[in-house]
>>> print(open('structure13.txt').read())   # compact mmCIF, C-alpha atoms
# COMPACT_ATOMS: atom_id res chain seq x y z
CA MET O 20 0.00 0.00 0.00
CA SER O 21 1.44 3.38 -0.97
CA MET O 22 2.00 6.23 1.48
CA SER O 23 0.94 9.85 0.98
CA LEU O 24 4.43 11.38 1.09
CA GLU O 25 6.43 8.41 -0.13
CA GLY O 26 9.42 9.49 -2.19
CA LEU O 27 10.01 12.76 -0.34
CA LYS O 28 13.33 13.21 1.45
CA ILE O 29 13.35 15.52 4.47
CA LEU O 30 16.40 16.64 6.44
CA ASP O 31 15.45 17.19 10.08
CA LEU O 32 17.85 19.52 11.90
CA THR O 33 15.45 20.04 14.80
CA ARG O 34 15.29 19.07 18.42
CA VAL O 35 12.98 19.21 21.45
CA LEU O 36 9.32 19.29 20.29
CA ALA O 37 8.00 21.74 17.66
CA GLY O 38 10.34 20.62 14.87
CA PRO O 39 10.48 16.92 15.72
CA TYR O 40 6.68 16.80 16.04
CA CYS O 41 6.32 18.34 12.58
CA THR O 42 8.78 15.96 10.95
CA MET O 43 7.28 12.93 12.72
CA ILE O 44 3.91 13.72 11.12
CA LEU O 45 5.59 13.90 7.72
CA ALA O 46 7.40 10.64 8.45
CA ASP O 47 4.16 8.94 9.51
CA LEU O 48 2.77 9.95 6.12
CA GLY O 49 5.62 8.17 4.38
CA ALA O 50 8.37 10.74 3.89
CA GLU O 51 11.97 9.66 4.42
CA VAL O 52 13.01 11.81 7.36
CA ILE O 53 16.70 11.92 8.25
CA LYS O 54 17.30 13.25 11.74
CA VAL O 55 20.67 15.01 11.88
CA GLU O 56 22.43 15.34 15.23
CA ALA O 57 25.92 15.96 16.50
CA PRO O 58 27.99 12.86 17.29
CA GLY O 59 26.55 11.22 20.40
CA GLY O 60 23.15 12.83 19.93
CA SER O 61 22.29 16.51 20.43
CA ASP O 62 18.52 16.45 20.90
CA GLU O 63 18.14 17.65 24.49
CA THR O 64 15.03 15.55 25.04
CA ARG O 65 17.16 12.40 25.01
CA ASP O 66 18.16 13.45 28.55
CA TRP O 67 14.82 14.86 29.72
CA GLY O 68 13.44 12.58 32.38
CA PRO O 69 12.60 10.50 34.22
CA PRO O 70 10.88 8.42 33.09
CA PHE O 71 13.50 6.50 31.15
CA GLN O 72 13.29 2.96 29.79
CA HIS O 73 16.73 1.37 29.65
CA GLY O 74 18.19 4.87 29.44
CA VAL O 75 15.82 6.12 26.71
CA SER O 76 13.60 9.05 27.69
CA ALA O 77 9.85 8.97 27.21
CA TYR O 78 9.98 12.59 26.07
CA TYR O 79 12.31 11.81 23.17
CA LEU O 80 10.22 8.81 22.12
CA CYS O 81 7.03 10.87 21.78
CA ALA O 82 8.12 12.82 18.68
CA ASN O 83 10.74 10.88 16.73
CA ARG O 84 9.34 7.64 15.31
CA ASN O 85 9.70 6.68 11.64
CA LYS O 86 12.95 8.65 11.32
CA LYS O 87 16.48 7.67 10.44
CA SER O 88 19.34 9.14 12.43
CA ILE O 89 22.74 10.23 11.23
CA THR O 90 25.38 12.09 13.21
CA ILE O 91 27.39 14.88 11.62
CA ASP O 92 29.56 17.55 13.20
CA LEU O 93 28.19 20.77 11.72
CA LYS O 94 31.16 22.64 13.17
CA SER O 95 33.52 20.80 10.83
CA SER O 96 34.04 21.69 7.19
CA ASN O 97 33.65 18.04 6.18
CA GLY O 98 30.33 17.81 8.00
CA ILE O 99 28.96 20.90 6.27
CA LYS O 100 30.29 19.73 2.93
CA TYR O 101 28.57 16.39 3.17
CA LEU O 102 25.30 17.86 4.48
CA LYS O 103 25.19 20.10 1.43
CA GLU O 104 25.54 17.03 -0.75
CA ILE O 105 22.47 15.50 0.93
CA ILE O 106 20.61 18.79 0.52
CA LYS O 107 21.09 18.60 -3.25
CA GLU O 108 19.00 15.41 -3.18
CA SER O 109 16.43 16.54 -0.60
CA ASP O 110 12.98 18.06 -0.89
CA VAL O 111 12.73 19.75 2.51
CA ILE O 112 15.05 20.91 5.26
CA VAL O 113 13.65 21.84 8.68
CA ASN O 114 15.63 23.53 11.44
CA ASN O 115 14.85 25.18 14.75
CA PHE O 116 18.18 26.80 15.56
CA LYS O 117 18.28 30.31 16.97
CA THR O 118 18.07 33.11 14.42
CA GLY O 119 21.44 33.48 12.65
CA THR O 120 22.78 30.01 13.47
CA MET O 121 22.11 28.50 10.06
CA GLU O 122 23.77 31.53 8.46
CA ARG O 123 26.89 30.93 10.57
CA PHE O 124 26.96 27.33 9.36
CA GLY O 125 26.67 28.53 5.77
CA LEU O 126 23.30 26.76 5.59
CA ASP O 127 21.06 29.80 5.08
CA TYR O 128 18.23 29.67 2.56
CA GLN O 129 19.96 31.81 -0.07
CA THR O 130 23.00 29.53 -0.07
CA LEU O 131 21.04 26.28 -0.11
CA SER O 132 18.58 27.47 -2.75
CA THR O 133 21.49 27.96 -5.14
CA LEU O 134 22.48 24.32 -4.53
CA ASN O 135 18.89 23.12 -4.84
CA PRO O 136 16.41 25.67 -6.25
CA SER O 137 13.48 23.38 -5.41
CA ILE O 138 14.33 23.01 -1.70
CA ILE O 139 11.60 23.83 0.84
CA TYR O 140 13.37 25.46 3.78
CA ALA O 141 11.41 25.66 7.05
CA SER O 142 12.87 27.71 9.88
CA ILE O 143 11.23 27.47 13.31
CA THR O 144 12.24 30.07 15.91
CA GLY O 145 10.81 31.49 19.11
CA PHE O 146 9.92 34.91 17.70
CA GLY O 147 10.60 34.77 13.97
CA GLU O 148 13.51 35.99 11.87
CA THR O 149 12.42 39.63 11.77
CA GLY O 150 11.35 42.17 14.37
CA PRO O 151 12.88 43.42 17.63
CA TYR O 152 12.51 40.04 19.41
CA LYS O 153 14.17 37.97 16.68
CA ASP O 154 17.30 37.18 18.68
CA MET O 155 15.47 36.18 21.86
CA PRO O 156 15.37 32.47 22.72
CA GLY O 157 11.85 31.10 22.75
CA TYR O 158 10.57 28.39 25.08
CA ASP O 159 6.97 27.22 25.22
CA PHE O 160 6.42 28.41 28.81
CA ILE O 161 7.71 31.90 27.99
CA ILE O 162 5.64 32.03 24.81
CA GLN O 163 2.48 30.99 26.69
CA ALA O 164 3.11 33.85 29.11
CA MET O 165 3.90 36.52 26.54
CA SER O 166 1.20 35.58 24.01
CA GLY O 167 -1.74 36.00 26.37
CA LEU O 168 -2.50 32.28 26.59
CA MET O 169 -1.75 32.17 30.31
CA SER O 170 -3.83 35.28 30.94
CA ILE O 171 -6.97 33.41 29.83
CA THR O 172 -6.08 30.01 31.34
CA GLY O 173 -6.94 29.37 34.96
CA SER O 174 -9.50 30.77 37.37
CA PRO O 175 -9.63 33.94 39.48
CA GLU O 176 -8.55 31.74 42.40
CA SER O 177 -5.62 30.06 40.64
CA GLY O 178 -4.40 33.06 38.69
CA PRO O 179 -2.80 32.64 35.23
CA GLN O 180 -1.87 29.05 34.39
CA LYS O 181 -0.03 27.38 31.53
CA VAL O 182 -1.64 24.63 29.48
CA GLY O 183 -0.60 21.19 30.74
CA ILE O 184 1.43 20.39 27.61
CA ALA O 185 3.82 22.50 25.52
CA ILE O 186 0.88 23.58 23.41
CA THR O 187 2.68 26.31 21.45
CA ASP O 188 5.31 23.76 20.38
CA VAL O 189 2.62 21.34 19.22
CA LEU O 190 0.69 24.02 17.34
CA THR O 191 3.85 25.36 15.71
CA GLY O 192 4.75 21.84 14.61
CA LEU O 193 1.32 21.48 13.03
CA TYR O 194 1.49 24.87 11.29
CA THR O 195 4.98 24.06 9.98
CA CYS O 196 3.70 20.77 8.61
CA ILE O 197 0.85 22.61 6.86
CA GLY O 198 3.26 25.19 5.44
CA ILE O 199 5.62 22.51 4.13
CA GLN O 200 2.84 20.63 2.39
CA ALA O 201 1.47 23.87 0.90
CA ALA O 202 4.93 24.73 -0.44
CA LEU O 203 5.32 21.22 -1.87
CA LEU O 204 1.96 21.50 -3.59
CA GLU O 205 2.85 24.90 -5.09
CA ARG O 206 6.20 23.53 -6.23
CA GLN O 207 4.39 21.08 -8.50
CA HIS O 208 3.33 24.09 -10.58
CA SER O 209 6.32 26.43 -10.29
CA GLY O 210 9.15 23.95 -9.85
CA LYS O 211 10.57 26.31 -7.24
CA GLY O 212 11.22 25.97 -3.53
CA GLN O 213 10.68 28.64 -0.91
CA LYS O 214 11.43 29.57 2.68
CA ILE O 215 8.98 29.19 5.56
CA ASP O 216 9.66 31.51 8.51
CA ILE O 217 7.46 30.44 11.43
CA SER O 218 7.61 31.33 15.11
CA LEU O 219 6.13 29.99 18.32
CA TYR O 220 5.05 33.53 19.27
CA ASP O 221 3.07 34.14 16.07
CA THR O 222 1.50 30.70 16.33
CA ALA O 223 0.48 31.18 19.96
CA VAL O 224 -1.18 34.52 19.20
CA SER O 225 -3.03 32.98 16.23
CA SER O 226 -4.39 30.30 18.57
CA LEU O 227 -6.28 32.92 20.61
CA VAL O 228 -9.00 32.75 17.92
CA ASN O 229 -12.42 33.78 19.33
CA VAL O 230 -11.02 35.18 22.59
CA ALA O 231 -8.79 37.62 20.71
CA SER O 232 -11.63 38.38 18.31
CA ASN O 233 -13.87 39.19 21.28
CA TYR O 234 -11.34 41.74 22.48
CA LEU O 235 -10.68 43.25 19.02
CA MET O 236 -14.40 43.78 18.56
CA SER O 237 -15.37 44.93 22.07
CA SER O 238 -12.11 46.32 23.56
CA GLN O 239 -13.00 44.38 26.73
CA LYS O 240 -10.04 42.54 28.25
CA PRO O 241 -10.81 38.82 28.65
CA LYS O 242 -11.17 37.51 32.19
CA LEU O 243 -9.99 34.29 33.74
CA LEU O 244 -13.01 32.01 33.47
CA GLY O 245 -11.57 28.73 34.69
CA ASN O 246 -13.52 25.97 32.96
CA SER O 247 -16.24 28.30 31.71
CA HIS O 248 -16.60 29.63 28.16
CA PRO O 249 -16.59 33.36 27.30
CA ASN O 250 -19.28 33.05 24.62
CA ILE O 251 -21.40 30.01 25.51
CA VAL O 252 -23.43 29.17 28.65
CA PRO O 253 -23.70 26.56 30.11
CA TYR O 254 -20.39 25.23 28.82
CA GLN O 255 -18.22 24.19 31.77
CA THR O 256 -17.53 21.68 34.52
CA PHE O 257 -20.21 20.82 37.06
CA LYS O 258 -20.08 18.85 40.30
CA THR O 259 -22.26 15.77 40.59
CA LYS O 260 -22.88 13.50 43.55
CA ASP O 261 -19.55 11.73 43.05
CA ARG O 262 -17.28 13.64 40.62
CA ASP O 263 -17.06 16.50 38.15
CA VAL O 264 -18.39 16.27 34.60
CA VAL O 265 -18.29 18.56 31.59
CA ILE O 266 -21.54 19.76 30.02
CA ALA O 267 -21.27 21.74 26.79
CA VAL O 268 -24.61 23.17 25.65
CA GLY O 269 -24.13 24.57 22.18
CA ASN O 270 -27.58 25.89 21.31
CA ASP O 271 -30.95 26.87 22.74
CA ALA O 272 -32.63 23.57 21.84
CA GLN O 273 -30.01 21.67 23.81
CA PHE O 274 -30.51 24.00 26.75
CA LYS O 275 -34.24 23.33 26.74
CA ARG O 276 -33.61 19.57 26.81
CA LEU O 277 -31.08 20.02 29.60
CA CYS O 278 -33.61 21.89 31.70
CA HIS O 279 -36.17 19.13 31.14
CA ILE O 280 -33.71 16.42 32.25
CA LEU O 281 -32.88 18.43 35.37
CA GLN O 282 -36.60 19.03 36.02
CA LEU O 283 -36.00 22.76 35.67
CA ASP O 284 -38.25 23.45 32.67
CA TYR O 285 -39.14 26.89 33.96
CA LEU O 286 -35.59 28.08 33.30
CA SER O 287 -35.84 27.58 29.55
CA ASN O 288 -38.92 29.82 29.51
CA ASP O 289 -37.29 32.55 31.57
CA ASN O 290 -36.33 35.53 29.39
CA ARG O 291 -33.04 35.79 31.24
CA PHE O 292 -32.02 32.32 30.05
CA ARG O 293 -34.02 31.66 26.87
CA THR O 294 -31.18 32.50 24.45
CA ASN O 295 -27.47 31.92 24.65
CA ALA O 296 -26.78 35.67 24.61
CA SER O 297 -29.05 36.19 27.61
CA ARG O 298 -27.53 33.19 29.40
CA VAL O 299 -24.03 34.65 28.94
CA GLN O 300 -25.30 37.91 30.41
CA HIS O 301 -26.93 36.19 33.40
CA ARG O 302 -24.55 33.28 33.91
CA ASP O 303 -24.02 34.14 37.60
CA LEU O 304 -27.75 33.56 38.21
CA LEU O 305 -28.13 30.47 36.05
CA ILE O 306 -25.13 28.32 36.95
CA PRO O 307 -25.94 27.90 40.68
CA LEU O 308 -29.46 26.73 39.79
CA LEU O 309 -28.13 24.08 37.41
CA GLN O 310 -25.42 23.08 39.85
CA GLU O 311 -27.88 22.50 42.67
CA SER O 312 -29.80 19.91 40.64
CA LEU O 313 -26.71 18.18 39.29
CA THR O 314 -25.43 17.35 42.78
CA LEU O 315 -28.49 15.14 43.36
CA GLN O 316 -27.31 12.28 41.13
CA THR O 317 -24.05 10.57 40.16
CA SER O 318 -21.95 11.42 37.14
CA LYS O 319 -22.86 8.11 35.49
CA TYR O 320 -26.55 8.87 35.88
CA TRP O 321 -26.31 12.34 34.35
CA ILE O 322 -23.99 11.35 31.50
CA LYS O 323 -26.36 8.55 30.46
CA ALA O 324 -29.39 10.86 30.63
CA LEU O 325 -27.68 13.67 28.76
CA GLN O 326 -26.21 11.46 26.04
CA GLU O 327 -29.62 9.94 25.40
CA GLU O 328 -30.86 13.45 24.61
CA LYS O 329 -27.82 14.26 22.43
CA ILE O 330 -26.47 16.87 24.85
CA PRO O 331 -22.64 17.03 24.67
CA CYS O 332 -21.12 15.88 27.95
CA GLY O 333 -18.41 13.66 29.33
CA PRO O 334 -16.41 12.60 32.35
CA ILE O 335 -13.06 14.18 33.19
CA GLN O 336 -10.78 11.24 32.51
CA THR O 337 -7.23 10.94 33.74
CA ILE O 338 -4.49 9.80 31.38
CA ASP O 339 -4.34 6.36 32.98
CA ASN O 340 -7.93 5.81 31.80
CA LEU O 341 -7.13 6.42 28.15
CA PRO O 342 -5.34 3.19 27.08
CA GLU O 343 -8.46 1.23 28.08
CA ASP O 344 -10.91 3.64 26.46
CA LEU O 345 -12.89 1.56 23.97
CA GLN O 346 -13.19 4.41 21.48
CA LEU O 347 -9.44 5.05 21.46
CA LYS O 348 -8.76 1.35 21.12
CA SER O 349 -11.06 1.10 18.12
CA ARG O 350 -9.31 4.11 16.56
CA GLU O 351 -5.85 2.56 17.16
CA MET O 352 -4.63 5.60 19.04
CA PHE O 353 -2.04 3.62 21.00
CA VAL O 354 0.62 1.71 19.09
CA SER O 355 3.42 -0.64 20.11
CA MET O 356 6.90 -0.64 18.60
CA HIS O 357 10.26 -2.21 19.39
CA HIS O 358 13.13 0.14 20.18
CA GLN O 359 16.72 -0.96 19.65
CA THR O 360 17.68 -0.03 23.23
CA ALA O 361 14.47 0.50 25.20
CA GLY O 362 12.81 -2.69 23.95
CA PRO O 363 8.99 -2.77 23.63
CA ILE O 364 7.53 0.74 23.80
CA LYS O 365 4.04 2.20 23.58
CA LEU O 366 3.36 5.44 21.73
CA ILE O 367 0.40 7.68 20.99
CA GLY O 368 -0.80 6.97 17.46
CA ASN O 369 -1.33 9.43 14.64
CA PRO O 370 -4.92 10.80 14.46
CA LEU O 371 -4.90 11.02 10.64
CA LYS O 372 -7.08 8.30 9.12
CA LEU O 373 -6.54 8.25 5.34
CA SER O 374 -8.53 5.65 3.43
CA ARG O 375 -6.07 4.86 0.60
CA THR O 376 -2.71 5.98 1.98
CA PRO O 377 -2.86 5.46 5.73
CA VAL O 378 -0.10 6.44 8.11
CA THR O 379 2.35 3.68 8.94
CA TYR O 380 4.59 2.89 11.88
CA ARG O 381 7.81 1.63 10.31
CA HIS O 382 10.69 2.55 12.63
CA ALA O 383 10.96 3.19 16.35
CA PRO O 384 12.57 6.52 17.33
CA PRO O 385 16.25 6.07 16.43
CA ASN O 386 19.34 6.06 18.58
CA PRO O 387 21.97 8.68 17.64
CA GLY O 388 23.63 7.62 14.39
CA GLU O 389 21.64 4.39 14.25
CA HIS O 390 21.34 4.64 10.48
CA ASN O 391 24.87 5.77 9.68
CA ASN O 392 25.49 2.38 8.07
CA ASP O 393 22.59 3.06 5.69
CA TYR O 394 24.72 5.94 4.42
CA ILE O 395 28.04 4.11 4.44
CA HIS O 396 29.63 6.64 2.09
CA LEU O 397 29.33 9.13 4.95
CA LYS O 398 32.14 7.52 6.91
CA GLY O 399 34.95 9.97 7.49
CA ASP O 400 32.59 12.93 7.28
CA MET O 401 30.52 12.09 10.34
CA GLU O 402 32.92 13.25 13.02
>>> encode(input="structure13.txt", output="structure tokens")
Amino acid sequence: MSMSLEGLKILDLTRVLAGPYCTMILADLGAEVIKVEAPGGSDETRDWGPPFQHGVSAYYLCANRNKKSITIDLKSSNGIKYLKEIIKESDVIVNNFKTGTMERFGLDYQTLSTLNPSIIYASITGFGETGPYKDMPGYDFIIQAMSGLMSITGSPESGPQKVGIAITDVLTGLYTCIGIQAALLERQHSGKGQKIDISLYDTAVSSLVNVASNYLMSSQKPKLLGNSHPNIVPYQTFKTKDRDVVIAVGNDAQFKRLCHILQLDYLSNDNRFRTNASRVQHRDLLIPLLQESLTLQTSKYWIKALQEEKIPCGPIQTIDNLPEDLQLKSREMFVSMHHQTAGPIKLIGNPLKLSRTPVTYRHAPPNPGEHNNDYIHLKGDME
């Protein structure tokens, strides 16, 4: 069975998460991704732990499957010379060095595009390659703080909070993947490559979507709403007799059915709550009334009743629940592979489900230089 990106060669000069996550998606889709590190391995996540399995970090494993690994010293003239030879045969090069680093290596876009005019050159940085912040290092936590994400995450009691994962890295990886595929598609018509300049900061601000739009339209600074929604009510967590659940009422018809289930039909006929706009305006009056009824029964009871009436809801699962979730099992969202050093490992699967060219899981995340022998003519230029 063919793969969507089979035949594409991608040089991966990235580390940590945004870049490796992007290139892993491309690798899952069939591209040949060659991870380039310094001798011994220079991706910091190899040492980020615990947990480790036989010395291999879980963090590194999460974003590097289906890749080959070669080790080259980019500070040596031989290393740069050979890398340029690979670039002549490559379709894409991705890096996430600090602004100016690739130029110091002689691997800037202008230089490489003369060697290979069709090369797609993706550069991931914290703040982009232009502007007053261009030389600042960018880490997800700092970007979440500066972009406004933390200012809308958390409750008045908790204060600003970061998202529980490095969300700006993940989103930047996804945007980079989109940009690369767009450039590859355009290249089919023009025959030319191009440069993609993408930053964590830009990506994080773009992810503010409706919350930023609310401010741009109203000039009202968003508040910390905890698990509530700025534009939809009721759309939040609620306490039941045994544990919290999420109820997400998306329209007035759903609200009317919710009120009926809770035996609070009068609320759906109250002008203060009849429409979503009025419910947002009077949320402080409405939520306690709903909450009082929900505490009378267990979460299982309410979820069953709500799902029967097609009202979006769900339990707040912990990560240890997920591997046994029947839906995730049926969607093959957990996969097993064999790592050369760590042995049997479990990884989160790829969510893309393509009917003719599905993603494949061909290689476990590589050890440093594991595939040097696949490029035997590299010997002498590796160190």
>>> closest_atom_pairs(input="structure13.txt", of="stretch 202-226 of chain O", to="stretch 103-123 of chain O", cutoff="10 Å", atoms="only C-alpha atoms", output="Markdown table")
| residue | atom | partner | partner_atom | distance |
| --- | --- | --- | --- | --- |
| O:Ala202 | CA | O:Val111 | CA | 9.7 |
| O:Leu203 | CA | O:Asp110 | CA | 8.3 |
| O:Gly212 | CA | O:Asp110 | CA | 8.5 |
| O:Gln213 | CA | O:Val111 | CA | 9.7 |
| O:Lys214 | CA | O:Ile112 | CA | 9.7 |
| O:Ile215 | CA | O:Val113 | CA | 9.3 |
| O:Ile217 | CA | O:Asn115 | CA | 9.7 |
| O:Ser218 | CA | O:Asn115 | CA | 9.5 |
>>> closest_residue(input="structure13.txt", among="O:Glu148, O:Glu389, O:Asp344, O:Asp62", to="O:Asp221", atoms="all atoms listed in the file")
O:Glu148
>>> closest_residue(input="structure13.txt", among="O:Ile161, O:Ala231, O:Leu36, O:Leu24", to="O:Tyr79", atoms="all atoms listed in the file")
O:Leu36
>>> residues_around(input="structure13.txt", residues="O:Arg65", least_positions_apart="4", cutoff="12 Å", atoms="all atoms listed in the file", output="PyMOL selection string")
chain O and resi 34-36+56+59-61+69-83+384-387
>>> write_last_selection(input="structure13.txt", atoms="C-alpha atoms", output="PDB file, keeping the file's coordinate frame")
ATOM      1  CA  ARG O  34      15.290  19.070  18.420  1.00  0.00           C
ATOM      2  CA  VAL O  35      12.980  19.210  21.450  1.00  0.00           C
ATOM      3  CA  LEU O  36       9.320  19.290  20.290  1.00  0.00           C
ATOM      4  CA  GLU O  56      22.430  15.340  15.230  1.00  0.00           C
ATOM      5  CA  GLY O  59      26.550  11.220  20.400  1.00  0.00           C
ATOM      6  CA  GLY O  60      23.150  12.830  19.930  1.00  0.00           C
ATOM      7  CA  SER O  61      22.290  16.510  20.430  1.00  0.00           C
ATOM      8  CA  PRO O  69      12.600  10.500  34.220  1.00  0.00           C
ATOM      9  CA  PRO O  70      10.880   8.420  33.090  1.00  0.00           C
ATOM     10  CA  PHE O  71      13.500   6.500  31.150  1.00  0.00           C
ATOM     11  CA  GLN O  72      13.290   2.960  29.790  1.00  0.00           C
ATOM     12  CA  HIS O  73      16.730   1.370  29.650  1.00  0.00           C
ATOM     13  CA  GLY O  74      18.190   4.870  29.440  1.00  0.00           C
ATOM     14  CA  VAL O  75      15.820   6.120  26.710  1.00  0.00           C
ATOM     15  CA  SER O  76      13.600   9.050  27.690  1.00  0.00           C
ATOM     16  CA  ALA O  77       9.850   8.970  27.210  1.00  0.00           C
ATOM     17  CA  TYR O  78       9.980  12.590  26.070  1.00  0.00           C
ATOM     18  CA  TYR O  79      12.310  11.810  23.170  1.00  0.00           C
ATOM     19  CA  LEU O  80      10.220   8.810  22.120  1.00  0.00           C
ATOM     20  CA  CYS O  81       7.030  10.870  21.780  1.00  0.00           C
ATOM     21  CA  ALA O  82       8.120  12.820  18.680  1.00  0.00           C
ATOM     22  CA  ASN O  83      10.740  10.880  16.730  1.00  0.00           C
ATOM     23  CA  PRO O 384      12.570   6.520  17.330  1.00  0.00           C
ATOM     24  CA  PRO O 385      16.250   6.070  16.430  1.00  0.00           C
ATOM     25  CA  ASN O 386      19.340   6.060  18.580  1.00  0.00           C
ATOM     26  CA  PRO O 387      21.970   8.680  17.640  1.00  0.00           C
TER      27      PRO O 387
END
>>> closest_residue(input="structure13.txt", among="O:Pro249, O:Gly388, O:Gly147, O:Gly157", to="O:Asn233", atoms="all atoms listed in the file")
O:Pro249
>>> atom_distance(input="structure13.txt", atom1="atom CA of O:Tyr158", atom2="atom CA of O:Asp188")
8.4 Å
>>> axis_aligned_box(input="structure13.txt", around="stretch 196-199 of chain O", padding_each_side="5 Å", output="lines of an AutoDock Vina configuration file")
center_x = 3.2
center_y = 23.0
center_z = 6.4
size_x = 14.8
size_y = 14.4
size_z = 14.5
>>> residues_around(input="structure13.txt", residues="O:Phe274", least_positions_apart="4", cutoff="12 Å", atoms="all atoms listed in the file", output="PyMOL selection string")
chain O and resi 251-254+266-270+278-281+283-289+292-295+298+305+309+325+328-331
>>> closest_residue(input="structure13.txt", among="O:Val52, O:Ile89, O:Ala185, O:Val230", to="O:His390", atoms="only C-alpha atoms")
O:Ile89
>>> atom_distance(input="structure13.txt", atom1="atom CA of O:Ser355", atom2="atom CA of O:Val378")
14.4 Å
>>> closest_residue(input="structure13.txt", among="O:Leu243, O:Ala37, O:Ile184, O:Leu48", to="O:Asn369", atoms="only C-alpha atoms")
O:Leu48
>>> atom_distance(input="structure13.txt", atom1="atom CA of O:Asn250", atom2="atom CA of O:Val299")
6.6 Å
>>> closest_residue(input="structure13.txt", among="O:Leu244, O:Met155, O:Ala223, O:Leu313", to="O:Ser177", atoms="all atoms listed in the file")
O:Leu244
